[in-house]
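Structure below is model-v3.cif: mmCIF, C-alpha atoms.
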```cif
data_coords
#
loop_
_atom_site.group_PDB
_atom_site.id
_atom_site.type_symbol
_atom_site.label_atom_id
_atom_site.label_comp_id
_atom_site.auth_asym_id
_atom_site.auth_seq_id
_atom_site.Cartn_x
_atom_site.Cartn_y
_atom_site.Cartn_z
ATOM 1 C CA MET B 179 -52.059 37.426 131.491
ATOM 2 C CA ASN B 180 -54.126 35.631 134.156
ATOM 3 C CA CYS B 181 -56.294 37.327 136.795
ATOM 4 C CA PHE B 182 -53.598 37.309 139.482
ATOM 5 C CA GLN B 183 -51.099 38.988 137.160
ATOM 6 C CA LEU B 184 -53.514 41.696 136.070
ATOM 7 C CA ILE B 185 -54.778 42.312 139.588
ATOM 8 C CA LYS B 186 -51.178 42.649 140.808
ATOM 9 C CA THR B 187 -50.785 45.739 138.603
ATOM 10 C CA VAL B 188 -54.026 47.173 140.038
ATOM 11 C CA LEU B 189 -52.953 46.366 143.597
ATOM 12 C CA ASP B 190 -49.644 48.188 143.110
ATOM 13 C CA GLU B 191 -51.514 51.372 142.216
ATOM 14 C CA ALA B 192 -54.105 50.897 144.956
ATOM 15 C CA TYR B 193 -51.406 50.337 147.577
ATOM 16 C CA GLU B 194 -49.714 53.611 146.665
ATOM 17 C CA ALA B 195 -53.030 55.412 147.221
ATOM 18 C CA ILE B 196 -53.196 54.278 150.863
ATOM 19 C CA PRO B 197 -51.953 57.136 153.077
ATOM 20 C CA GLY B 198 -49.208 56.746 155.663
ATOM 21 C CA THR B 199 -45.815 55.117 156.039
ATOM 22 C CA LYS B 200 -45.124 51.556 154.893
ATOM 23 C CA PRO B 201 -45.863 50.052 158.341
ATOM 24 C CA GLU B 202 -49.021 52.171 158.593
ATOM 25 C CA ARG B 203 -50.208 50.963 155.181
ATOM 26 C CA GLU B 204 -49.645 47.338 156.123
ATOM 27 C CA ALA B 205 -51.529 47.849 159.370
ATOM 28 C CA SER B 206 -54.434 49.531 157.550
ATOM 29 C CA VAL B 207 -54.764 46.687 155.042
ATOM 30 C CA SER B 208 -54.513 43.990 157.727
ATOM 31 C CA ALA B 209 -57.215 45.733 159.734
ATOM 32 C CA SER B 210 -59.393 46.084 156.633
ATOM 33 C CA LEU B 211 -59.073 42.386 155.802
ATOM 34 C CA LYS B 212 -60.259 41.507 159.305
ATOM 35 C CA SER B 213 -63.107 44.029 159.238
ATOM 36 C CA LEU B 214 -64.319 42.823 155.836
ATOM 37 C CA SER B 215 -64.572 39.245 157.112
ATOM 38 C CA LYS B 216 -66.509 40.470 160.136
ATOM 39 C CA ASP B 217 -68.775 42.731 158.080
ATOM 40 C CA TYR B 218 -69.632 39.972 155.602
ATOM 41 C CA ALA B 219 -70.760 37.776 158.484
ATOM 42 C CA SER B 220 -73.500 40.319 159.254
ATOM 43 C CA LEU B 221 -74.185 41.424 155.667
ATOM 44 C CA THR B 222 -77.758 40.142 155.583
ATOM 45 C CA LYS B 223 -78.594 42.520 158.431
ATOM 46 C CA THR B 224 -76.629 45.609 157.395
ATOM 47 C CA GLY B 225 -76.184 45.446 153.603
ATOM 48 C CA CYS B 226 -74.028 47.613 151.307
ATOM 49 C CA LEU B 227 -70.552 47.747 152.819
ATOM 50 C CA ASP B 228 -68.448 50.896 152.679
ATOM 51 C CA TYR B 229 -65.449 50.888 150.316
ATOM 52 C CA ARG B 230 -64.596 54.583 150.309
ATOM 53 C CA LYS B 231 -61.243 54.127 152.055
ATOM 54 C CA PRO B 232 -58.374 53.017 149.755
ATOM 55 C CA CYS B 233 -57.293 50.337 152.251
ATOM 56 C CA ARG B 234 -60.774 48.762 152.122
ATOM 57 C CA ARG B 235 -60.758 48.658 148.315
ATOM 58 C CA PHE B 236 -57.245 47.188 148.297
ATOM 59 C CA ALA B 237 -58.316 44.529 150.816
ATOM 60 C CA TYR B 238 -61.378 43.545 148.788
ATOM 61 C CA ILE B 239 -59.490 43.307 145.492
ATOM 62 C CA PHE B 240 -56.718 41.257 147.100
ATOM 63 C CA ARG B 241 -58.944 38.851 149.020
ATOM 64 C CA TYR B 242 -62.050 38.422 146.846
ATOM 65 C CA THR B 243 -61.872 39.852 143.328
ATOM 66 C CA THR B 244 -59.616 37.194 141.832
ATOM 67 C CA SER B 245 -61.746 34.333 143.150
ATOM 68 C CA HIS B 246 -64.958 35.895 141.902
ATOM 69 C CA ALA B 247 -63.432 36.707 138.511
ATOM 70 C CA ASN B 248 -62.325 33.113 138.057
ATOM 71 C CA ILE B 249 -65.817 31.896 138.908
ATOM 72 C CA VAL B 250 -67.154 34.066 136.084
ATOM 73 C CA TYR B 251 -64.457 32.712 133.771
ATOM 74 C CA GLN B 252 -65.188 29.078 134.649
ATOM 75 C CA LEU B 253 -68.939 29.463 134.167
ATOM 76 C CA ILE B 254 -68.565 31.157 130.775
ATOM 77 C CA GLU B 255 -66.012 28.574 129.629
ATOM 78 C CA SER B 256 -68.299 25.678 130.566
ATOM 79 C CA SER B 257 -71.452 27.220 129.056
ATOM 80 C CA LYS B 258 -72.182 27.041 125.326
ATOM 81 C CA ILE B 259 -74.893 29.638 125.859
ATOM 82 C CA LEU B 260 -72.630 32.213 127.526
ATOM 83 C CA SER B 261 -69.581 31.557 125.362
ATOM 84 C CA LYS B 262 -71.672 32.110 122.226
ATOM 85 C CA VAL B 263 -72.184 35.736 123.288
ATOM 86 C CA PHE B 264 -68.523 36.410 122.562
ATOM 87 C CA GLU B 265 -68.730 35.171 118.986
ATOM 88 C CA SER B 266 -70.419 38.463 118.080
ATOM 89 C CA LYS B 267 -68.345 41.368 116.769
ATOM 90 C CA LYS B 268 -69.613 43.731 119.455
ATOM 91 C CA VAL B 269 -70.815 42.891 122.975
ATOM 92 C CA LEU B 270 -72.343 45.269 125.503
ATOM 93 C CA ILE B 271 -72.230 44.000 129.089
ATOM 94 C CA SER B 272 -73.816 45.590 132.145
ATOM 95 C CA CYS B 273 -71.989 44.588 135.329
ATOM 96 C CA VAL B 274 -74.503 45.467 138.042
ATOM 97 C CA GLY B 275 -72.666 46.020 141.314
ATOM 98 C CA GLY B 276 -69.490 45.425 139.312
ATOM 99 C CA GLY B 277 -67.264 48.075 140.877
ATOM 100 C CA PRO B 278 -64.766 45.569 142.328
ATOM 101 C CA GLY B 279 -64.056 44.281 138.799
ATOM 102 C CA SER B 280 -64.895 40.599 139.234
ATOM 103 C CA ASP B 281 -67.327 40.509 136.323
ATOM 104 C CA PHE B 282 -65.261 41.988 133.540
ATOM 105 C CA LEU B 283 -61.993 40.385 134.666
ATOM 106 C CA GLY B 284 -63.623 36.980 134.318
ATOM 107 C CA ILE B 285 -64.912 37.968 130.894
ATOM 108 C CA LEU B 286 -61.482 39.246 129.921
ATOM 109 C CA LYS B 287 -59.813 36.005 130.994
ATOM 110 C CA TYR B 288 -62.321 33.948 129.010
ATOM 111 C CA CYS B 289 -61.794 35.990 125.838
ATOM 112 C CA GLN B 290 -58.031 35.724 126.119
ATOM 113 C CA SER B 291 -58.115 31.995 126.918
ATOM 114 C CA ALA B 292 -60.582 31.196 124.119
ATOM 115 C CA LYS B 293 -58.790 33.550 121.707
ATOM 116 C CA LYS B 294 -61.939 35.584 121.164
ATOM 117 C CA SER B 295 -61.549 39.234 120.242
ATOM 118 C CA PRO B 296 -64.926 40.930 120.037
ATOM 119 C CA GLU B 297 -65.245 44.615 120.813
ATOM 120 C CA VAL B 298 -66.402 44.429 124.435
ATOM 121 C CA LYS B 299 -67.801 47.378 126.346
ATOM 122 C CA CYS B 300 -68.410 46.774 130.051
ATOM 123 C CA LEU B 301 -70.647 49.192 131.907
ATOM 124 C CA LEU B 302 -69.554 49.029 135.549
ATOM 125 C CA LEU B 303 -72.476 50.036 137.755
ATOM 126 C CA ASP B 304 -71.796 50.588 141.435
ATOM 127 C CA ARG B 305 -72.747 52.863 144.303
ATOM 128 C CA ASP B 306 -69.150 53.777 145.194
ATOM 129 C CA PRO B 307 -67.523 56.000 142.534
ATOM 130 C CA ALA B 308 -64.041 55.310 143.926
ATOM 131 C CA TRP B 309 -64.043 51.877 142.242
ATOM 132 C CA GLY B 310 -63.787 53.630 138.890
ATOM 133 C CA GLU B 311 -60.190 54.606 139.680
ATOM 134 C CA SER B 312 -59.131 50.959 139.868
ATOM 135 C CA TRP B 313 -60.251 49.975 136.381
ATOM 136 C CA SER B 314 -60.150 53.159 134.275
ATOM 137 C CA ASP B 315 -56.994 52.105 132.408
ATOM 138 C CA VAL B 316 -57.455 48.332 132.312
ATOM 139 C CA ASP B 317 -57.537 48.425 128.504
ATOM 140 C CA ASP B 318 -53.952 49.724 128.508
ATOM 141 C CA LYS B 319 -52.875 46.941 130.853
ATOM 142 C CA VAL B 320 -54.228 44.096 128.722
ATOM 143 C CA GLY B 321 -52.706 45.337 125.465
ATOM 144 C CA SER B 322 -54.036 45.962 121.968
ATOM 145 C CA LYS B 323 -55.126 42.405 121.124
ATOM 146 C CA MET B 324 -58.147 42.620 123.409
ATOM 147 C CA ARG B 325 -60.633 45.335 122.479
ATOM 148 C CA LEU B 326 -62.072 46.042 125.905
ATOM 149 C CA SER B 327 -63.388 49.298 127.317
ATOM 150 C CA THR B 328 -64.942 50.081 130.673
ATOM 151 C CA VAL B 329 -67.384 52.843 131.539
ATOM 152 C CA PHE B 330 -68.182 53.513 135.181
ATOM 153 C CA ASN B 331 -71.578 54.793 136.319
ATOM 154 C CA SER B 332 -72.231 55.490 139.979
ATOM 155 C CA PHE B 333 -75.722 55.045 141.397
ATOM 156 C CA ASP B 334 -77.564 53.365 144.250
ATOM 157 C CA VAL B 335 -80.044 50.639 143.248
ATOM 158 C CA THR B 336 -82.100 51.397 146.365
ATOM 159 C CA ASP B 337 -82.668 55.020 145.288
ATOM 160 C CA PRO B 338 -85.003 55.454 142.266
ATOM 161 C CA ASP B 339 -84.005 59.108 141.926
ATOM 162 C CA GLN B 340 -80.477 57.904 141.135
ATOM 163 C CA TRP B 341 -80.911 54.745 139.064
ATOM 164 C CA SER B 342 -83.818 56.038 136.964
ATOM 165 C CA THR B 343 -81.398 58.405 135.194
ATOM 166 C CA PHE B 344 -79.162 55.474 134.144
ATOM 167 C CA THR B 345 -81.417 53.262 132.033
ATOM 168 C CA LYS B 346 -79.147 52.918 128.997
ATOM 169 C CA HIS B 347 -77.536 49.853 130.551
ATOM 170 C CA PHE B 348 -80.883 48.056 130.279
ATOM 171 C CA GLN B 349 -80.035 47.482 126.595
ATOM 172 C CA ALA B 350 -77.056 45.192 127.218
ATOM 173 C CA ASP B 351 -76.514 41.812 125.564
ATOM 174 C CA LEU B 352 -75.372 40.287 128.847
ATOM 175 C CA PHE B 353 -76.009 41.307 132.453
ATOM 176 C CA THR B 354 -73.916 40.093 135.365
ATOM 177 C CA LEU B 355 -74.931 39.984 139.022
ATOM 178 C CA ILE B 356 -71.837 38.659 140.794
ATOM 179 C CA TYR B 357 -72.213 38.514 144.578
ATOM 180 C CA PHE B 358 -74.378 41.618 144.337
ATOM 181 C CA MET B 359 -77.790 40.465 145.501
ATOM 182 C CA SER B 360 -76.320 39.306 148.810
ATOM 183 C CA GLU B 361 -74.787 42.775 149.114
ATOM 184 C CA VAL B 362 -78.194 44.455 148.959
ATOM 185 C CA TYR B 363 -80.308 41.660 150.455
ATOM 186 C CA ALA B 364 -80.874 43.595 153.687
ATOM 187 C CA LEU B 365 -82.307 46.430 151.575
ATOM 188 C CA ARG B 366 -84.270 44.222 149.193
ATOM 189 C CA THR B 367 -87.603 46.000 149.685
ATOM 190 C CA LYS B 368 -85.943 49.186 148.395
ATOM 191 C CA ALA B 369 -83.947 47.400 145.664
ATOM 192 C CA ASP B 370 -86.896 45.433 144.224
ATOM 193 C CA SER B 371 -88.083 48.317 142.036
ATOM 194 C CA TYR B 372 -84.674 48.524 140.351
ATOM 195 C CA PHE B 373 -84.410 44.793 139.661
ATOM 196 C CA ASN B 374 -87.973 44.683 138.345
ATOM 197 C CA ALA B 375 -87.256 47.638 136.052
ATOM 198 C CA LEU B 376 -84.035 46.021 134.854
ATOM 199 C CA MET B 377 -85.500 42.597 134.150
ATOM 200 C CA SER B 378 -88.673 43.907 132.541
ATOM 201 C CA SER B 379 -86.643 46.209 130.252
ATOM 202 C CA MET B 380 -84.146 43.618 128.995
ATOM 203 C CA GLN B 381 -84.147 43.108 125.236
ATOM 204 C CA LYS B 382 -85.546 39.856 123.892
ATOM 205 C CA GLY B 383 -82.755 37.288 123.812
ATOM 206 C CA ALA B 384 -80.559 39.123 126.340
ATOM 207 C CA LEU B 385 -78.862 36.948 128.957
ATOM 208 C CA MET B 386 -78.203 37.398 132.653
ATOM 209 C CA LEU B 387 -75.604 35.593 134.762
ATOM 210 C CA PHE B 388 -76.361 35.432 138.479
ATOM 211 C CA VAL B 389 -73.704 34.162 140.909
ATOM 212 C CA ASP B 390 -73.860 34.394 144.672
ATOM 213 C CA ASN B 391 -73.295 32.545 147.905
ATOM 214 C CA ASN B 392 -75.072 29.203 147.938
ATOM 215 C CA ASP B 393 -77.769 30.488 150.275
ATOM 216 C CA SER B 394 -81.481 29.978 149.603
ATOM 217 C CA ARG B 395 -82.293 33.527 150.705
ATOM 218 C CA PHE B 396 -80.375 35.095 147.836
ATOM 219 C CA VAL B 397 -81.254 32.422 145.288
ATOM 220 C CA ASP B 398 -84.966 32.499 146.084
ATOM 221 C CA TRP B 399 -85.006 36.290 145.831
ATOM 222 C CA PHE B 400 -83.403 36.173 142.399
ATOM 223 C CA ASP B 401 -85.573 33.309 141.188
ATOM 224 C CA GLY B 402 -88.716 35.129 142.271
ATOM 225 C CA LEU B 403 -87.752 38.296 140.410
ATOM 226 C CA ALA B 404 -86.790 36.341 137.297
ATOM 227 C CA LYS B 405 -90.094 34.442 137.263
ATOM 228 C CA THR B 406 -92.138 37.606 137.816
ATOM 229 C CA ASN B 407 -90.446 39.277 134.857
ATOM 230 C CA GLY B 408 -90.713 36.349 132.457
ATOM 231 C CA LEU B 409 -87.061 35.290 132.379
ATOM 232 C CA LYS B 410 -86.400 31.695 131.392
ATOM 233 C CA VAL B 411 -83.821 29.663 133.312
ATOM 234 C CA LEU B 412 -81.423 28.114 130.776
ATOM 235 C CA GLU B 413 -78.732 26.833 133.122
ATOM 236 C CA GLN B 414 -78.425 26.517 136.875
ATOM 237 C CA GLY B 415 -76.286 24.846 139.458
ATOM 238 C CA SER B 416 -74.585 25.044 142.821
ATOM 239 C CA GLY B 417 -71.473 23.735 144.487
ATOM 240 C CA THR B 418 -67.875 24.504 145.373
ATOM 241 C CA LEU B 419 -65.682 26.097 142.708
ATOM 242 C CA THR B 420 -61.909 26.175 143.193
ATOM 243 C CA MET B 421 -59.266 28.475 141.761
ATOM 244 C CA PRO B 422 -57.921 27.006 138.486
ATOM 245 C CA MET B 423 -54.349 25.746 138.270
ATOM 246 C CA ASP B 424 -53.197 28.531 135.941
ATOM 247 C CA GLU B 425 -53.532 31.035 138.785
ATOM 248 C CA ASN B 426 -50.403 31.182 140.936
ATOM 249 C CA LYS B 427 -50.863 33.031 144.211
ATOM 250 C CA LYS B 428 -47.180 33.997 144.141
ATOM 251 C CA ASP B 429 -48.058 36.364 141.280
ATOM 252 C CA LEU B 430 -49.543 38.544 144.038
ATOM 253 C CA GLU B 431 -46.199 39.054 145.779
ATOM 254 C CA PRO B 432 -45.205 40.944 147.861
ATOM 255 C CA TYR B 433 -48.794 41.144 149.108
ATOM 256 C CA PHE B 434 -49.233 37.387 149.433
ATOM 257 C CA THR B 435 -46.405 37.203 151.962
ATOM 258 C CA LYS B 436 -47.665 40.253 153.851
ATOM 259 C CA PHE B 437 -51.384 39.535 153.936
ATOM 260 C CA GLY B 438 -51.842 35.797 153.413
ATOM 261 C CA HIS B 439 -54.027 33.815 151.044
ATOM 262 C CA PRO B 440 -56.630 35.340 148.771
ATOM 263 C CA LYS B 441 -59.926 33.475 148.579
ATOM 264 C CA LEU B 442 -59.236 30.207 146.712
ATOM 265 C CA GLN B 443 -62.614 28.452 146.668
ATOM 266 C CA ALA B 444 -66.272 29.320 147.106
ATOM 267 C CA ASP B 445 -69.602 27.569 147.635
ATOM 268 C CA VAL B 446 -71.856 29.257 145.086
ATOM 269 C CA ALA B 447 -75.180 29.055 143.305
ATOM 270 C CA TRP B 448 -75.579 30.287 139.739
ATOM 271 C CA ARG B 449 -78.215 30.868 137.114
ATOM 272 C CA VAL B 450 -78.166 31.764 133.419
ATOM 273 C CA VAL B 451 -81.509 33.289 132.455
ATOM 274 C CA GLN B 452 -82.794 34.788 129.244
ATOM 275 C CA LYS B 453 -85.467 37.297 128.310
#
```
What would the structure in this file look like if it were written as structure tokens?
Amino acid sequence: MNCFQLIKTVLDEAYEAIPGTKPEREASVSASLKSLSKDYASLTKTGCLDYRKPCRRFAYIFRYTTSHANIVYQLIESSKILSKVFESKKVLISCVGGGPGSDFLGILKYCQSAKKSPEVKCLLLDRDPAWGESWSDVDDKVGSKMRLSTVFNSFDVTDPDQWSTFTKHFQADLFTLIYFMSEVYALRTKADSYFNALMSSMQKGALMLFVDNNDSRFVDWFDGLAKTNGLKVLEQGSGTLTMPMDENKKDLEPYFTKFGHPKLQADVAWRVVQK
């Protein structure tokens, strides 16, 4: 099962959760797709978009999650360092800002493609608790061959009173920051204490995968935090990544016909760092 096929099952459930008649649902999603594009254009000024409405979550999963998941998949597949993580019997992964599912779906696709079957636990950490509904039963959808479980924790990285009660995820083998630092860039002075606590608390040998828009503001912020906390850059790069050929957009029908193309390529920067 590729990302489009799995996400189609999630989209079916998410679409049913949108209130209103069929025409009203379509109108809500179309409006949400337009508003998301507009909101992302001003993200560096506003930060932290609102995904509480079901139509907004549906729109994000349809337009962006598959692309971002495939980026994670491609980077793990091409990295001996990251792929080695999944040779262990058990892997604990903290997906920071991972509510939309991009992180663990990319990991899932890699494990299935590479025929790896470790026991993977993904801690999904996100401000909006509604994301937990989308992925609570993903283990049932992928079948028994893949031993994957997800645990959702809701907290705001800009609020120490919230995140300081969720420090267990600091003990992960792998951390993922997928398009998250751009999400909170406008609030970086408040988020710095969380990222410093996270990076300083990582276990020796733990890895972190950072992926974001190829924009020096986000990259420089991450690089500065990593250097301050003694993380070593093992791999880095930037450029345009395109959806792999095994993903067929028609797997997203009937939503592809109704709402157009999902995101198919992205200009990104990435880092693999280690404690």
- Exactly which residues make up the result of the PyMOL selection byres ((chain B and resi 217-221) around 12) on this file, given as a PyMOL selection string? chain B and resi 210-216+222-229+234+238+242+357-365+391+396
Up to 9 Å from (-72.2, 56.3, 138.8) in the file's coordinates: name the residues, counting all atoms listed in the file, as a compact mmCIF listing (two decimals) with C-alpha atoms, in the frame of the given file.
```txt
# COMPACT_ATOMS: atom_id res chain seq x y z
CA LEU B 302 -69.55 49.03 135.55
CA LEU B 303 -72.48 50.04 137.76
CA ASP B 304 -71.80 50.59 141.44
CA ARG B 305 -72.75 52.86 144.30
CA ASP B 306 -69.15 53.78 145.19
CA PRO B 307 -67.52 56.00 142.53
CA GLY B 310 -63.79 53.63 138.89
CA PHE B 330 -68.18 53.51 135.18
CA ASN B 331 -71.58 54.79 136.32
CA SER B 332 -72.23 55.49 139.98
CA PHE B 333 -75.72 55.04 141.40
CA ASP B 334 -77.56 53.36 144.25
CA GLN B 340 -80.48 57.90 141.14
CA TRP B 341 -80.91 54.74 139.06
CA PHE B 344 -79.16 55.47 134.14
```
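When the distance limit is 9 Å and all atoms listed in the file are what count, the residues near B:Ser266, minus those fewer than 3 positions from it on the same chain, are B:Lys262, B:Val263, B:Val269, B:Pro296, B:Glu297.
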- Message: I'd like the residues picked by the PyMOL selection byres ((chain B and resi 189-204) around 12) written out as an NGL selection string, using the chain letters and numbers from the file.
- Response: :B and (181-188 or 205-211 or 230-241 or 243-244 or 278 or 308-316 or 429-437)
Limited to C-alpha atoms, could you put the picked residues into a file as a PDB file, in the coordinates of the input?
```
ATOM      1  CA  CYS B 181     -56.294  37.327 136.795  1.00  0.00           C
ATOM      2  CA  PHE B 182     -53.598  37.309 139.482  1.00  0.00           C
ATOM      3  CA  GLN B 183     -51.099  38.988 137.160  1.00  0.00           C
ATOM      4  CA  LEU B 184     -53.514  41.696 136.070  1.00  0.00           C
ATOM      5  CA  ILE B 185     -54.778  42.312 139.588  1.00  0.00           C
ATOM      6  CA  LYS B 186     -51.178  42.649 140.808  1.00  0.00           C
ATOM      7  CA  THR B 187     -50.785  45.739 138.603  1.00  0.00           C
ATOM      8  CA  VAL B 188     -54.026  47.173 140.038  1.00  0.00           C
ATOM      9  CA  ALA B 205     -51.529  47.849 159.370  1.00  0.00           C
ATOM     10  CA  SER B 206     -54.434  49.531 157.550  1.00  0.00           C
ATOM     11  CA  VAL B 207     -54.764  46.687 155.042  1.00  0.00           C
ATOM     12  CA  SER B 208     -54.513  43.990 157.727  1.00  0.00           C
ATOM     13  CA  ALA B 209     -57.215  45.733 159.734  1.00  0.00           C
ATOM     14  CA  SER B 210     -59.393  46.084 156.633  1.00  0.00           C
ATOM     15  CA  LEU B 211     -59.073  42.386 155.802  1.00  0.00           C
ATOM     16  CA  ARG B 230     -64.596  54.583 150.309  1.00  0.00           C
ATOM     17  CA  LYS B 231     -61.243  54.127 152.055  1.00  0.00           C
ATOM     18  CA  PRO B 232     -58.374  53.017 149.755  1.00  0.00           C
ATOM     19  CA  CYS B 233     -57.293  50.337 152.251  1.00  0.00           C
ATOM     20  CA  ARG B 234     -60.774  48.762 152.122  1.00  0.00           C
ATOM     21  CA  ARG B 235     -60.758  48.658 148.315  1.00  0.00           C
ATOM     22  CA  PHE B 236     -57.245  47.188 148.297  1.00  0.00           C
ATOM     23  CA  ALA B 237     -58.316  44.529 150.816  1.00  0.00           C
ATOM     24  CA  TYR B 238     -61.378  43.545 148.788  1.00  0.00           C
ATOM     25  CA  ILE B 239     -59.490  43.307 145.492  1.00  0.00           C
ATOM     26  CA  PHE B 240     -56.718  41.257 147.100  1.00  0.00           C
ATOM     27  CA  ARG B 241     -58.944  38.851 149.020  1.00  0.00           C
ATOM     28  CA  THR B 243     -61.872  39.852 143.328  1.00  0.00           C
ATOM     29  CA  THR B 244     -59.616  37.194 141.832  1.00  0.00           C
ATOM     30  CA  PRO B 278     -64.766  45.569 142.328  1.00  0.00           C
ATOM     31  CA  ALA B 308     -64.041  55.310 143.926  1.00  0.00           C
ATOM     32  CA  TRP B 309     -64.043  51.877 142.242  1.00  0.00           C
ATOM     33  CA  GLY B 310     -63.787  53.630 138.890  1.00  0.00           C
ATOM     34  CA  GLU B 311     -60.190  54.606 139.680  1.00  0.00           C
ATOM     35  CA  SER B 312     -59.131  50.959 139.868  1.00  0.00           C
ATOM     36  CA  TRP B 313     -60.251  49.975 136.381  1.00  0.00           C
ATOM     37  CA  SER B 314     -60.150  53.159 134.275  1.00  0.00           C
ATOM     38  CA  ASP B 315     -56.994  52.105 132.408  1.00  0.00           C
ATOM     39  CA  VAL B 316     -57.455  48.332 132.312  1.00  0.00           C
ATOM     40  CA  ASP B 429     -48.058  36.364 141.280  1.00  0.00           C
ATOM     41  CA  LEU B 430     -49.543  38.544 144.038  1.00  0.00           C
ATOM     42  CA  GLU B 431     -46.199  39.054 145.779  1.00  0.00           C
ATOM     43  CA  PRO B 432     -45.205  40.944 147.861  1.00  0.00           C
ATOM     44  CA  TYR B 433     -48.794  41.144 149.108  1.00  0.00           C
ATOM     45  CA  PHE B 434     -49.233  37.387 149.433  1.00  0.00           C
ATOM     46  CA  THR B 435     -46.405  37.203 151.962  1.00  0.00           C
ATOM     47  CA  LYS B 436     -47.665  40.253 153.851  1.00  0.00           C
ATOM     48  CA  PHE B 437     -51.384  39.535 153.936  1.00  0.00           C
TER      49      PHE B 437
END
```
Write out as a tab-separated table the residues of stretch 224-288 of chain B that have any atom within 10 Å of an atom of stretch 410-416 of chain B, one row each with the nearest atom pair and its distance in Å to one decimal, counting all atoms listed in the file, sorted by chain and then rising number.
```
residue	atom	partner	partner_atom	distance
B:Ser257	CA	B:Glu413	CA	8.3
B:Ile259	CA	B:Leu412	CA	8.3
B:Leu260	CA	B:Glu413	CA	9.9
```
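Proximity ranking of B:Val250, B:Ala369, B:Ile285, B:Met421 relative to B:His439 places B:Met421 first, based on only C-alpha atoms.
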Evaluate the PyMOL selection byres ((chain B and resi 385) around 6) here and jot the selected residues down as a PDB file with C-alpha atoms, keeping the file's coordinate frame.
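File written: out-v5.pdb
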```
ATOM      1  CA  LEU B 352     -75.372  40.287 128.847  1.00  0.00           C
ATOM      2  CA  ALA B 384     -80.559  39.123 126.340  1.00  0.00           C
ATOM      3  CA  MET B 386     -78.203  37.398 132.653  1.00  0.00           C
ATOM      4  CA  VAL B 451     -81.509  33.289 132.455  1.00  0.00           C
ATOM      5  CA  GLN B 452     -82.794  34.788 129.244  1.00  0.00           C
TER       6      GLN B 452
END
```
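The coordinates place atom CA of B:Phe348 at 5.9 Å from atom CA of B:Leu376.
The shortest atom-to-atom distance to B:Val397, with all atoms listed in the file taken into account, belongs to B:Arg449 out of B:Lys268, B:Lys293, B:Arg449, B:Lys299.
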- Message: When you look at B:Ala292 with a cut-off of 12 Å (counting all atoms listed in the file), what residues show up, excluding the ones that are within fewer than 6 positions of it in the same chain? I need them as JSON, numbers by chain.
- Response: {"B": [251, 252, 254, 255, 256, 261, 262, 264, 265, 285, 286, 324]}
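Using only C-alpha atoms, the nearest neighbour of B:Gly276 within the list B:Ser291, B:Ser342, B:Asn392, B:Thr354 is B:Thr354.
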Test item: axis-aligned box, all listed atoms of stretch 302-310 of chain B, 6 Å on each side, centre and edges in Å rounded to one decimal, as JSON:
```
{"center_x": -68.3, "center_y": 52.5, "center_z": 140.4, "size_x": 21.0, "size_y": 19.0, "size_z": 21.6}
```
Could you please fill out stretch 433-444 of chain B with N, CA and C atoms and send it back as a PDB file, keeping the file's coordinate frame?
```pdb
ATOM      1  N   TYR B 433     -47.606  41.065 148.256  1.00  0.00           N
ATOM      2  CA  TYR B 433     -48.794  41.144 149.108  1.00  0.00           C
ATOM      3  C   TYR B 433     -49.195  39.781 149.675  1.00  0.00           C
ATOM      4  N   PHE B 434     -48.902  38.720 148.938  1.00  0.00           N
ATOM      5  CA  PHE B 434     -49.233  37.387 149.433  1.00  0.00           C
ATOM      6  C   PHE B 434     -48.478  37.091 150.727  1.00  0.00           C
ATOM      7  N   THR B 435     -47.203  37.421 150.762  1.00  0.00           N
ATOM      8  CA  THR B 435     -46.405  37.203 151.962  1.00  0.00           C
ATOM      9  C   THR B 435     -46.875  38.083 153.111  1.00  0.00           C
ATOM     10  N   LYS B 436     -47.259  39.308 152.802  1.00  0.00           N
ATOM     11  CA  LYS B 436     -47.665  40.253 153.851  1.00  0.00           C
ATOM     12  C   LYS B 436     -49.035  39.952 154.416  1.00  0.00           C
ATOM     13  N   PHE B 437     -49.980  39.564 153.524  1.00  0.00           N
ATOM     14  CA  PHE B 437     -51.384  39.535 153.936  1.00  0.00           C
ATOM     15  C   PHE B 437     -52.043  38.154 153.841  1.00  0.00           C
ATOM     16  N   GLY B 438     -51.301  37.147 153.418  1.00  0.00           N
ATOM     17  CA  GLY B 438     -51.842  35.797 153.413  1.00  0.00           C
ATOM     18  C   GLY B 438     -52.569  35.432 152.133  1.00  0.00           C
ATOM     19  N   HIS B 439     -53.361  34.381 152.212  1.00  0.00           N
ATOM     20  CA  HIS B 439     -54.027  33.815 151.044  1.00  0.00           C
ATOM     21  C   HIS B 439     -55.193  34.679 150.579  1.00  0.00           C
ATOM     22  N   PRO B 440     -55.351  34.854 149.277  1.00  0.00           N
ATOM     23  CA  PRO B 440     -56.630  35.340 148.771  1.00  0.00           C
ATOM     24  C   PRO B 440     -57.646  34.202 148.852  1.00  0.00           C
ATOM     25  N   LYS B 441     -58.886  34.502 148.582  1.00  0.00           N
ATOM     26  CA  LYS B 441     -59.926  33.475 148.579  1.00  0.00           C
ATOM     27  C   LYS B 441     -59.657  32.502 147.432  1.00  0.00           C
ATOM     28  N   LEU B 442     -59.603  31.199 147.718  1.00  0.00           N
ATOM     29  CA  LEU B 442     -59.236  30.207 146.712  1.00  0.00           C
ATOM     30  C   LEU B 442     -60.385  29.298 146.289  1.00  0.00           C
ATOM     31  N   GLN B 443     -61.454  29.240 147.069  1.00  0.00           N
ATOM     32  CA  GLN B 443     -62.614  28.452 146.668  1.00  0.00           C
ATOM     33  C   GLN B 443     -63.878  29.062 147.258  1.00  0.00           C
ATOM     34  N   ALA B 444     -65.012  28.729 146.661  1.00  0.00           N
ATOM     35  CA  ALA B 444     -66.272  29.320 147.106  1.00  0.00           C
ATOM     36  C   ALA B 444     -67.424  28.356 146.859  1.00  0.00           C
TER      37      ALA B 444
END
```
